[in-house]
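Shown next: protein10.txt, given as compact mmCIF, C-alpha atoms.
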```
# COMPACT_ATOMS: atom_id res chain seq x y z
CA MET T 1 -4.18 -44.49 18.81
CA ILE T 2 -0.79 -46.13 19.38
CA HIS T 3 1.08 -44.35 22.16
CA ASP T 4 4.07 -46.59 22.89
CA GLU T 5 5.80 -47.20 19.57
CA PRO T 6 9.53 -47.65 20.33
CA LEU T 7 12.30 -46.04 18.34
CA LEU T 8 13.95 -48.02 15.55
CA PHE T 9 17.02 -48.33 17.79
CA GLU T 10 14.84 -49.81 20.52
CA LEU T 11 13.28 -52.52 18.35
CA PRO T 12 14.85 -55.97 18.72
CA PRO T 13 17.20 -56.79 15.81
CA ASP T 14 15.87 -59.37 13.38
CA ARG T 15 18.53 -59.16 10.67
CA ALA T 16 22.32 -59.04 10.90
CA GLY T 17 23.82 -55.83 9.60
CA ASP T 18 27.27 -57.34 8.99
CA TYR T 19 27.57 -58.31 5.33
CA ALA T 20 30.58 -60.48 6.14
CA ALA T 21 28.46 -62.55 8.52
CA VAL T 22 26.43 -63.92 5.61
CA GLY T 23 29.39 -64.88 3.47
CA GLY T 24 30.20 -61.56 1.81
CA ASP T 25 33.57 -59.87 1.55
CA ARG T 26 34.03 -57.03 4.02
CA PHE T 27 35.08 -53.77 2.34
CA ASP T 28 38.41 -52.53 3.70
CA PRO T 29 38.66 -48.77 3.16
CA MET T 30 42.32 -48.66 4.23
CA ALA T 31 43.23 -51.30 1.69
CA ALA T 32 41.30 -49.32 -0.89
CA GLY T 33 43.56 -46.35 -0.24
CA TRP T 34 41.16 -44.14 1.72
CA PRO T 35 42.84 -41.53 3.98
CA ALA T 36 42.72 -42.44 7.66
CA GLU T 37 40.74 -39.32 8.60
CA ALA T 38 37.92 -40.42 6.29
CA VAL T 39 37.51 -43.82 7.96
CA ARG T 40 35.32 -44.40 11.02
CA PRO T 41 37.15 -45.88 14.04
CA ALA T 42 34.16 -48.18 14.61
CA ALA T 43 31.14 -49.32 12.66
CA PRO T 44 28.08 -47.02 13.00
CA ASP T 45 25.48 -48.12 15.52
CA LEU T 46 22.57 -48.66 13.12
CA PRO T 47 19.36 -50.62 13.73
CA GLU T 48 19.50 -54.16 12.39
CA LEU T 49 15.98 -54.55 11.02
CA SER T 50 14.39 -56.06 7.98
CA GLU T 51 12.57 -53.91 5.45
CA LEU T 52 9.27 -55.37 6.67
CA GLU T 53 9.87 -54.27 10.26
CA VAL T 54 10.89 -50.77 9.12
CA VAL T 55 7.73 -50.42 7.01
CA ARG T 56 5.58 -51.64 9.88
CA HIS T 57 7.26 -49.19 12.26
CA PHE T 58 6.55 -46.14 10.11
CA THR T 59 3.03 -47.33 9.32
CA ARG T 60 2.30 -47.58 13.04
CA LEU T 61 3.70 -44.07 13.52
CA SER T 62 1.51 -42.74 10.69
CA ARG T 63 -1.59 -43.92 12.56
CA ARG T 64 -0.76 -41.44 15.32
CA ASN T 65 -1.36 -38.49 13.00
CA ALA T 66 -4.51 -36.55 13.80
CA GLY T 67 -6.18 -35.51 10.57
CA ILE T 68 -9.50 -35.10 8.85
CA ASP T 69 -9.23 -38.53 7.21
CA THR T 70 -9.04 -40.39 10.50
CA HIS T 71 -10.10 -38.27 13.49
CA PHE T 72 -12.11 -35.34 14.72
CA TYR T 73 -9.83 -32.34 14.27
CA PRO T 74 -10.18 -29.48 16.77
CA LEU T 75 -8.93 -26.64 14.54
CA GLY T 76 -12.29 -26.27 12.88
CA SER T 77 -12.15 -22.51 12.47
CA CYS T 78 -10.36 -22.63 9.17
CA THR T 79 -7.62 -25.16 8.65
CA MET T 80 -9.08 -28.63 8.28
CA LYS T 81 -11.59 -28.45 5.48
CA TYR T 82 -12.18 -31.54 3.38
CA ASN T 83 -10.60 -31.43 -0.07
CA PRO T 84 -12.00 -34.00 -2.53
CA ARG T 85 -9.43 -36.54 -3.70
CA ILE T 86 -10.19 -35.84 -7.36
CA ASN T 87 -8.50 -32.47 -6.81
CA GLU T 88 -5.32 -34.32 -5.81
CA GLU T 89 -5.49 -36.30 -9.05
CA LEU T 90 -5.91 -33.16 -11.15
CA ALA T 91 -2.99 -31.41 -9.48
CA ALA T 92 -0.82 -34.47 -10.13
CA LEU T 93 -1.50 -34.52 -13.88
CA PRO T 94 1.78 -33.94 -15.75
CA GLU T 95 0.20 -31.04 -17.65
CA ALA T 96 -0.27 -29.30 -14.29
CA ALA T 97 2.78 -30.51 -12.40
CA SER T 98 5.50 -30.27 -15.05
CA PRO T 99 5.69 -26.55 -16.05
CA HIS T 100 8.93 -24.97 -14.88
CA PRO T 101 8.94 -21.48 -13.32
CA LEU T 102 11.44 -20.23 -15.92
CA TRP T 103 9.66 -21.48 -19.02
CA ASP T 104 8.92 -18.82 -21.61
CA GLU T 105 5.39 -17.38 -21.61
CA SER T 106 4.76 -18.89 -25.04
CA LEU T 107 5.10 -22.38 -23.53
CA VAL T 108 2.58 -21.84 -20.73
CA GLN T 109 -0.25 -20.01 -22.48
CA GLY T 110 -2.81 -22.51 -21.20
CA SER T 111 -1.62 -22.16 -17.63
CA LEU T 112 -1.61 -18.36 -17.81
CA GLY T 113 -5.11 -18.43 -19.28
CA VAL T 114 -6.37 -20.52 -16.38
CA ILE T 115 -4.76 -18.20 -13.83
CA TRP T 116 -6.29 -15.17 -15.55
CA GLU T 117 -9.73 -16.77 -15.53
CA VAL T 118 -9.51 -17.75 -11.87
CA GLU T 119 -8.59 -14.16 -11.05
CA ARG T 120 -11.71 -13.06 -12.92
CA TRP T 121 -13.80 -15.44 -10.84
CA LEU T 122 -12.24 -14.22 -7.59
CA ARG T 123 -12.88 -10.59 -8.57
CA GLU T 124 -16.53 -11.43 -9.12
CA ILE T 125 -16.78 -13.29 -5.81
CA SER T 126 -15.04 -10.58 -3.76
CA GLY T 127 -16.04 -7.39 -5.57
CA PHE T 128 -12.44 -6.17 -5.74
CA ALA T 129 -10.64 -4.58 -8.70
CA ARG T 130 -7.71 -7.01 -9.09
CA VAL T 131 -6.33 -10.19 -7.55
CA SER T 132 -2.70 -11.35 -7.39
CA LEU T 133 -2.20 -15.11 -7.35
CA GLN T 134 1.48 -14.71 -6.56
CA PRO T 135 1.54 -15.70 -2.84
CA ALA T 136 1.94 -19.38 -1.99
CA ALA T 137 -0.39 -19.52 1.02
CA GLY T 138 -2.39 -17.53 3.55
CA ALA T 139 0.46 -16.51 5.84
CA GLN T 140 2.46 -15.21 2.88
CA SER T 141 -0.65 -13.40 1.63
CA GLU T 142 -0.99 -11.69 5.02
CA GLN T 143 2.63 -10.60 4.86
CA GLY T 144 2.16 -9.36 1.31
CA ALA T 145 -1.02 -7.45 2.22
CA LEU T 146 0.70 -5.73 5.13
CA MET T 147 3.61 -4.80 2.87
CA MET T 148 1.05 -3.30 0.48
CA ILE T 149 -0.52 -1.35 3.33
CA ARG T 150 2.85 0.06 4.37
CA ARG T 151 3.73 1.09 0.82
CA TRP T 152 0.29 2.67 0.30
CA HIS T 153 0.82 4.88 3.35
CA GLU T 154 4.38 5.71 2.30
CA ALA T 155 3.11 6.80 -1.13
CA LYS T 156 0.90 9.29 0.70
CA GLY T 157 3.83 10.59 2.76
CA ARG T 158 2.65 8.82 5.92
CA SER T 159 4.29 6.22 8.16
CA PRO T 160 1.73 4.95 10.71
CA ARG T 161 3.08 2.00 12.69
CA THR T 162 0.04 0.55 14.54
CA VAL T 163 -2.10 -2.37 13.43
CA VAL T 164 -5.27 -3.04 15.44
CA VAL T 165 -6.33 -6.67 15.79
CA PRO T 166 -9.47 -7.96 17.57
CA ASP T 167 -9.09 -10.96 19.85
CA THR T 168 -11.35 -12.97 17.52
CA SER T 169 -9.07 -12.60 14.49
CA HIS T 170 -7.10 -15.42 12.93
CA GLY T 171 -4.09 -16.27 15.07
CA THR T 172 -1.49 -15.46 12.43
CA ASN T 173 -2.67 -11.84 12.00
CA PRO T 174 -0.70 -10.30 14.89
CA ALA T 175 2.34 -12.39 13.98
CA SER T 176 2.27 -11.15 10.37
CA ALA T 177 1.90 -7.55 11.51
CA ALA T 178 4.83 -7.86 13.90
CA LEU T 179 6.93 -9.52 11.18
CA CYS T 180 6.34 -6.49 8.97
CA GLY T 181 7.53 -4.13 11.69
CA PHE T 182 4.14 -2.89 12.94
CA ARG T 183 3.12 -2.39 16.55
CA VAL T 184 0.16 -4.65 17.34
CA VAL T 185 -2.74 -3.47 19.51
CA THR T 186 -5.31 -6.11 20.46
CA ILE T 187 -8.86 -5.17 21.46
CA LYS T 188 -11.45 -7.30 23.23
CA SER T 189 -14.62 -8.45 21.51
CA ASP T 190 -18.05 -7.45 22.77
CA ALA T 191 -20.67 -9.65 24.43
CA ASP T 192 -21.85 -10.88 21.02
CA GLY T 193 -18.37 -12.08 20.08
CA CYS T 194 -17.86 -9.28 17.53
CA THR T 195 -15.55 -6.27 17.35
CA ASP T 196 -16.35 -3.83 20.16
CA LEU T 197 -16.91 -0.49 18.40
CA ALA T 198 -16.18 1.56 21.53
CA ALA T 199 -12.95 -0.33 22.18
CA LEU T 200 -11.93 0.12 18.55
CA GLN T 201 -12.63 3.85 18.56
CA ALA T 202 -10.60 4.22 21.75
CA VAL T 203 -7.39 2.92 20.13
CA LEU T 204 -7.70 4.49 16.68
CA SER T 205 -5.36 7.41 15.99
CA ASP T 206 -3.20 9.03 13.32
CA ASP T 207 -0.76 6.18 13.92
CA THR T 208 -3.29 3.50 12.82
CA ALA T 209 -2.08 1.80 9.65
CA ALA T 210 -4.72 -0.92 9.47
CA PHE T 211 -7.38 -2.97 11.16
CA MET T 212 -7.18 -6.74 10.58
CA VAL T 213 -10.41 -8.70 10.86
CA THR T 214 -11.42 -12.29 10.15
CA ASN T 215 -15.02 -12.52 8.95
CA PRO T 216 -16.73 -14.70 10.05
CA ASN T 217 -14.35 -14.51 12.98
CA THR T 218 -12.59 -17.31 14.80
CA LEU T 219 -15.63 -17.77 17.05
CA GLY T 220 -17.63 -18.56 13.92
CA ILE T 221 -19.64 -15.32 14.23
CA PHE T 222 -20.27 -12.93 11.36
CA GLU T 223 -19.10 -9.39 12.14
CA HIS T 224 -22.51 -7.86 11.46
CA HIS T 225 -21.34 -4.25 11.89
CA ILE T 226 -18.29 -4.58 9.67
CA ALA T 227 -19.36 -1.54 7.62
CA GLU T 228 -19.34 0.60 10.78
CA VAL T 229 -15.93 -0.81 11.72
CA ALA T 230 -14.61 0.11 8.27
CA ALA T 231 -16.00 3.64 8.50
CA LEU T 232 -14.23 4.22 11.83
CA VAL T 233 -10.91 2.89 10.53
CA HIS T 234 -11.13 4.92 7.32
CA ALA T 235 -11.91 8.07 9.29
CA ALA T 236 -8.65 7.55 11.18
CA GLY T 237 -6.74 7.18 7.90
CA GLY T 238 -6.25 3.42 8.12
CA LEU T 239 -7.10 0.50 5.86
CA VAL T 240 -9.25 -2.55 6.58
CA TYR T 241 -7.71 -5.93 5.87
CA MET T 242 -9.86 -9.07 5.93
CA ASP T 243 -8.41 -12.49 6.58
CA GLY T 244 -10.17 -14.89 4.21
CA ALA T 245 -9.72 -18.00 6.35
CA ASN T 246 -13.49 -18.36 6.76
CA MET T 247 -14.52 -16.97 3.39
CA ASN T 248 -16.49 -20.19 2.79
CA ALA T 249 -19.40 -18.67 4.67
CA MET T 250 -19.69 -15.67 2.34
CA VAL T 251 -19.05 -17.06 -1.15
CA GLY T 252 -22.02 -16.20 -3.35
CA THR T 253 -23.73 -14.37 -0.48
CA LEU T 254 -21.80 -11.21 0.32
CA ARG T 255 -18.83 -9.45 -1.29
CA PRO T 256 -16.15 -8.21 1.15
CA ALA T 257 -15.52 -5.09 -0.97
CA ALA T 258 -19.13 -4.05 -0.35
CA GLN T 259 -18.50 -4.13 3.42
CA GLY T 260 -15.81 -1.44 3.26
CA VAL T 261 -12.88 -3.87 3.22
CA ASP T 262 -9.84 -2.55 1.31
CA LEU T 263 -7.93 -5.76 0.75
CA MET T 264 -8.13 -9.42 1.71
CA HIS T 265 -6.60 -12.77 1.00
CA PHE T 266 -8.16 -16.01 -0.17
CA ASN T 267 -6.99 -19.41 0.95
CA LEU T 268 -7.71 -21.37 -2.21
CA HIS T 269 -6.89 -24.60 -0.37
CA LYS T 270 -9.60 -23.80 2.18
CA THR T 271 -12.43 -22.04 0.41
CA PHE T 272 -12.00 -23.73 -2.97
CA SER T 273 -10.52 -27.09 -1.90
CA THR T 274 -7.31 -27.10 -3.91
CA PRO T 275 -4.89 -29.76 -2.59
CA HIS T 276 -3.26 -28.93 0.72
CA GLY T 277 -1.58 -30.91 3.45
CA GLY T 278 1.64 -32.15 4.93
CA GLY T 279 2.90 -28.61 5.35
CA GLY T 280 1.91 -27.37 1.92
CA PRO T 281 1.84 -26.25 -0.73
CA GLY T 282 -1.04 -23.91 -0.29
CA ALA T 283 -2.37 -21.28 -2.64
CA GLY T 284 -2.96 -17.70 -1.53
CA ALA T 285 -4.41 -14.77 -3.42
CA ILE T 286 -4.56 -11.08 -2.51
CA ALA T 287 -7.57 -9.05 -3.67
CA CYS T 288 -7.77 -5.29 -3.35
CA THR T 289 -9.53 -2.07 -4.33
CA ALA T 290 -8.41 -0.04 -7.34
CA ALA T 291 -6.40 2.33 -5.13
CA LEU T 292 -4.16 -0.51 -3.98
CA VAL T 293 -3.65 -2.25 -7.34
CA PRO T 294 -0.26 -0.53 -7.96
CA PHE T 295 1.07 -2.24 -4.84
CA LEU T 296 -0.06 -5.80 -5.60
CA PRO T 297 2.66 -8.48 -5.74
CA ALA T 298 3.82 -8.95 -9.33
CA PRO T 299 3.46 -10.51 -11.78
CA LEU T 300 -0.18 -10.23 -12.76
CA VAL T 301 -1.57 -12.04 -15.79
CA GLU T 302 -3.00 -9.86 -18.55
CA ARG T 303 -5.13 -10.94 -21.53
CA GLU T 304 -4.49 -9.54 -25.01
CA GLU T 305 -6.65 -9.97 -28.10
CA THR T 306 -4.65 -10.91 -31.19
CA PRO T 307 -5.69 -11.90 -34.76
CA GLY T 308 -4.96 -15.49 -33.80
CA GLY T 309 -7.07 -15.36 -30.66
CA PRO T 310 -6.47 -14.39 -27.01
CA ARG T 311 -2.94 -14.45 -25.62
CA TRP T 312 -1.76 -14.05 -22.05
CA ARG T 313 1.33 -12.36 -20.71
CA LEU T 314 2.88 -11.56 -17.35
CA ASP T 315 2.77 -7.90 -16.35
CA GLY T 316 5.35 -6.84 -13.81
CA ASP T 317 8.76 -7.99 -12.65
CA ARG T 318 9.38 -11.70 -13.03
CA PRO T 319 11.38 -12.07 -9.76
CA GLN T 320 9.30 -12.93 -6.72
CA SER T 321 8.17 -9.86 -4.83
CA ILE T 322 7.48 -11.44 -1.43
CA GLY T 323 10.85 -12.63 -0.26
CA LYS T 324 11.27 -14.86 -3.37
CA LEU T 325 9.70 -17.65 -1.32
CA ASN T 326 7.81 -19.47 -4.05
CA ALA T 327 7.86 -20.21 -7.74
CA PHE T 328 4.93 -18.51 -9.44
CA TYR T 329 3.95 -21.39 -11.68
CA GLY T 330 5.12 -24.09 -9.32
CA ASN T 331 2.79 -23.29 -6.39
CA ALA T 332 -0.01 -20.83 -7.07
CA GLY T 333 -0.20 -21.66 -10.75
CA LEU T 334 -0.34 -25.41 -10.24
CA LEU T 335 -3.07 -25.36 -7.61
CA VAL T 336 -5.15 -22.62 -9.14
CA ARG T 337 -5.38 -24.24 -12.54
CA ALA T 338 -6.26 -27.55 -10.92
CA LEU T 339 -9.10 -25.76 -9.12
CA ALA T 340 -10.29 -23.95 -12.21
CA TYR T 341 -10.48 -26.92 -14.51
CA LEU T 342 -11.92 -29.23 -11.91
CA VAL T 343 -14.84 -26.82 -11.60
CA ARG T 344 -15.23 -26.10 -15.27
CA ASN T 345 -14.05 -28.97 -17.42
CA GLY T 346 -12.51 -31.70 -15.31
CA ALA T 347 -9.34 -33.51 -16.27
CA ASP T 348 -10.02 -33.41 -20.02
CA GLY T 349 -10.29 -29.61 -19.92
CA LEU T 350 -7.05 -29.31 -18.01
CA ARG T 351 -5.23 -31.44 -20.55
CA GLU T 352 -6.71 -29.44 -23.42
CA VAL T 353 -5.78 -26.02 -22.10
CA SER T 354 -2.26 -27.12 -21.20
CA ARG T 355 -1.33 -28.17 -24.74
```
The structure in this file should be written as structure tokens.
Amino acid sequence: MIHDEPLLFELPPDRAGDYAAVGGDRFDPMAAGWPAEAVRPAAPDLPELSELEVVRHFTRLSRRNAGIDTHFYPLGSCTMKYNPRINEELAALPEAASPHPLWDESLVQGSLGVIWEVERWLREISGFARVSLQPAAGAQSEQGALMMIRRWHEAKGRSPRTVVVPDTSHGTNPASAALCGFRVVTIKSDADGCTDLAALQAVLSDDTAAFMVTNPNTLGIFEHHIAEVAALVHAAGGLVYMDGANMNAMVGTLRPAAQGVDLMHFNLHKTFSTPHGGGGPGAGAIACTAALVPFLPAPLVEREETPGGPRWRLDGDRPQSIGKLNAFYGNAGLLVRALAYLVRNGADGLREVSR
């Protein structure tokens, strides 16, 4: 680790910044007719460095980054999972990277088909009725799920305002709940590191909108009595939301829907290793029971059988339904179809379906 890299301004100059000093003609803005208010009274104080020194400076800074490629990374609960580099190559293919969010559906049939198929896979993995691939990442999926929960209650003529969160949940859960206008109640975990059933029962009421749980939780422990937790929350009229940050541990082993969970999100860049890093983009997905399908973020991809073969279309409003924060094709579509065709057909399959 390099701890004492100076600023560019602090590095000793090794090249003159004055063009006139090396025989050039100094540009005179006043002589060129520029207005006086547009002309600096003095030359800007810029570093006088060669390109080589600038490149070396930023390369030295880059070595200070803590990441999975170079160091042990302490956020092992969910964030830093290794994503194979071949996934980066697939996502960078022009057939994946070039589609524009406003292209007509007829021009992106291959992409829509991949998104539809990935949804089918995620339904099978989770046990839920439908999956929306609209959200761009996990935090946006949490926000979208909580918006769904609020609308589901409103459709029933209710307006509960409390979200219960165990202290072993993913750290963004209480923040997402607060962002959506809910009151957050945190309960302590029991001696085993799981949700304390007595503590949960003590805070449940008619005002309980939802219980948010990460499973396995942030301690890395599977919530073995999740079905009992779900039964208590349902009895109070609330819904159970599962954060999918640690879904890796359950893929192919246990379906969240079978545990009494009502809706959850997938982090495709965590569980399924789609490209992720440098602040994004990520790829979120919200899965839910049949009762919550009407509240899923639109659009959803639907398959239609035609005489010429299967066709895909978008069902629902085209504008973004979660704050218009992402382009449907540009983020979720790009990363999901890279995932799907890496698993199934590799780069050749991705090129074929995108034609």
Inset, instruction - Within 9 Å of stretch 231-236 of chain T, counting only C-alpha atoms, which residues show up once you throw out same-chain ones fewer than 2 positions away? Write them as a PyMOL selection string, please. - result: chain T and resi 197+200-201+204-211+226-229+238-240+260
Which centre and edge lengths in Å to one decimal define the box along x, y and z that fits every listed atom of stretch 217-235 of chain T plus 8 Å per side, as AutoDock Vina command-line options?
```
--center_x -16.7 --center_y -5.2 --center_z 12.2 --size_x 27.6 --size_y 42.6 --size_z 25.7
```
Inset, instruction - May I have the residues within 9 Å of stretch 165-173 of chain T as a ChimeraX atom specification, using all atoms listed in the file and disregarding those fewer than 2 positions away in the same chain? - result: /T:77-78,139,142-143,163,175-178,184-189,193-196,200,210-215,217-219,243,245
Legend entry - Within 10 Å of stretch 120-131 of chain T using all atoms listed in the file, minus same-chain residues under 4 positions, as a VMD selection string: chain T and resid 114 to 116 247 250 to 259 261 to 266 285 to 294 296 to 297 300 to 301 340
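Atom CA of T:Gly181 is found 7.6 Å from atom CA of T:Arg161.
Atom CA of T:Tyr241 sits 18.0 Å away from atom CA of T:Arg158.
Pairwise distance (atom CA of T:Leu146, atom CA of T:Arg313) equals 26.7 Å.
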For stretch 302-308 of chain T, list every protein, DNA or RNA residue within 9 Å, evaluated using only C-alpha atoms, and leave out those in the same chain fewer than 3 positions away; present the list as a tab-separated table (two decimals) with C-alpha atoms, in the frame of the given file.
```tsv
chain	number	residue	atom	x	y	z
T	112	LEU	CA	-1.61	-18.36	-17.81
T	113	GLY	CA	-5.11	-18.43	-19.28
T	116	TRP	CA	-6.29	-15.17	-15.55
T	311	ARG	CA	-2.94	-14.45	-25.62
T	312	TRP	CA	-1.76	-14.05	-22.05
T	313	ARG	CA	1.33	-12.36	-20.71
T	314	LEU	CA	2.88	-11.56	-17.35
T	315	ASP	CA	2.77	-7.90	-16.35
```
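Among the candidate residues T:Glu154, T:Met30, T:Glu48, T:Val203, the one lying nearest to T:Glu10 is T:Glu48, with distances computed using only C-alpha atoms.
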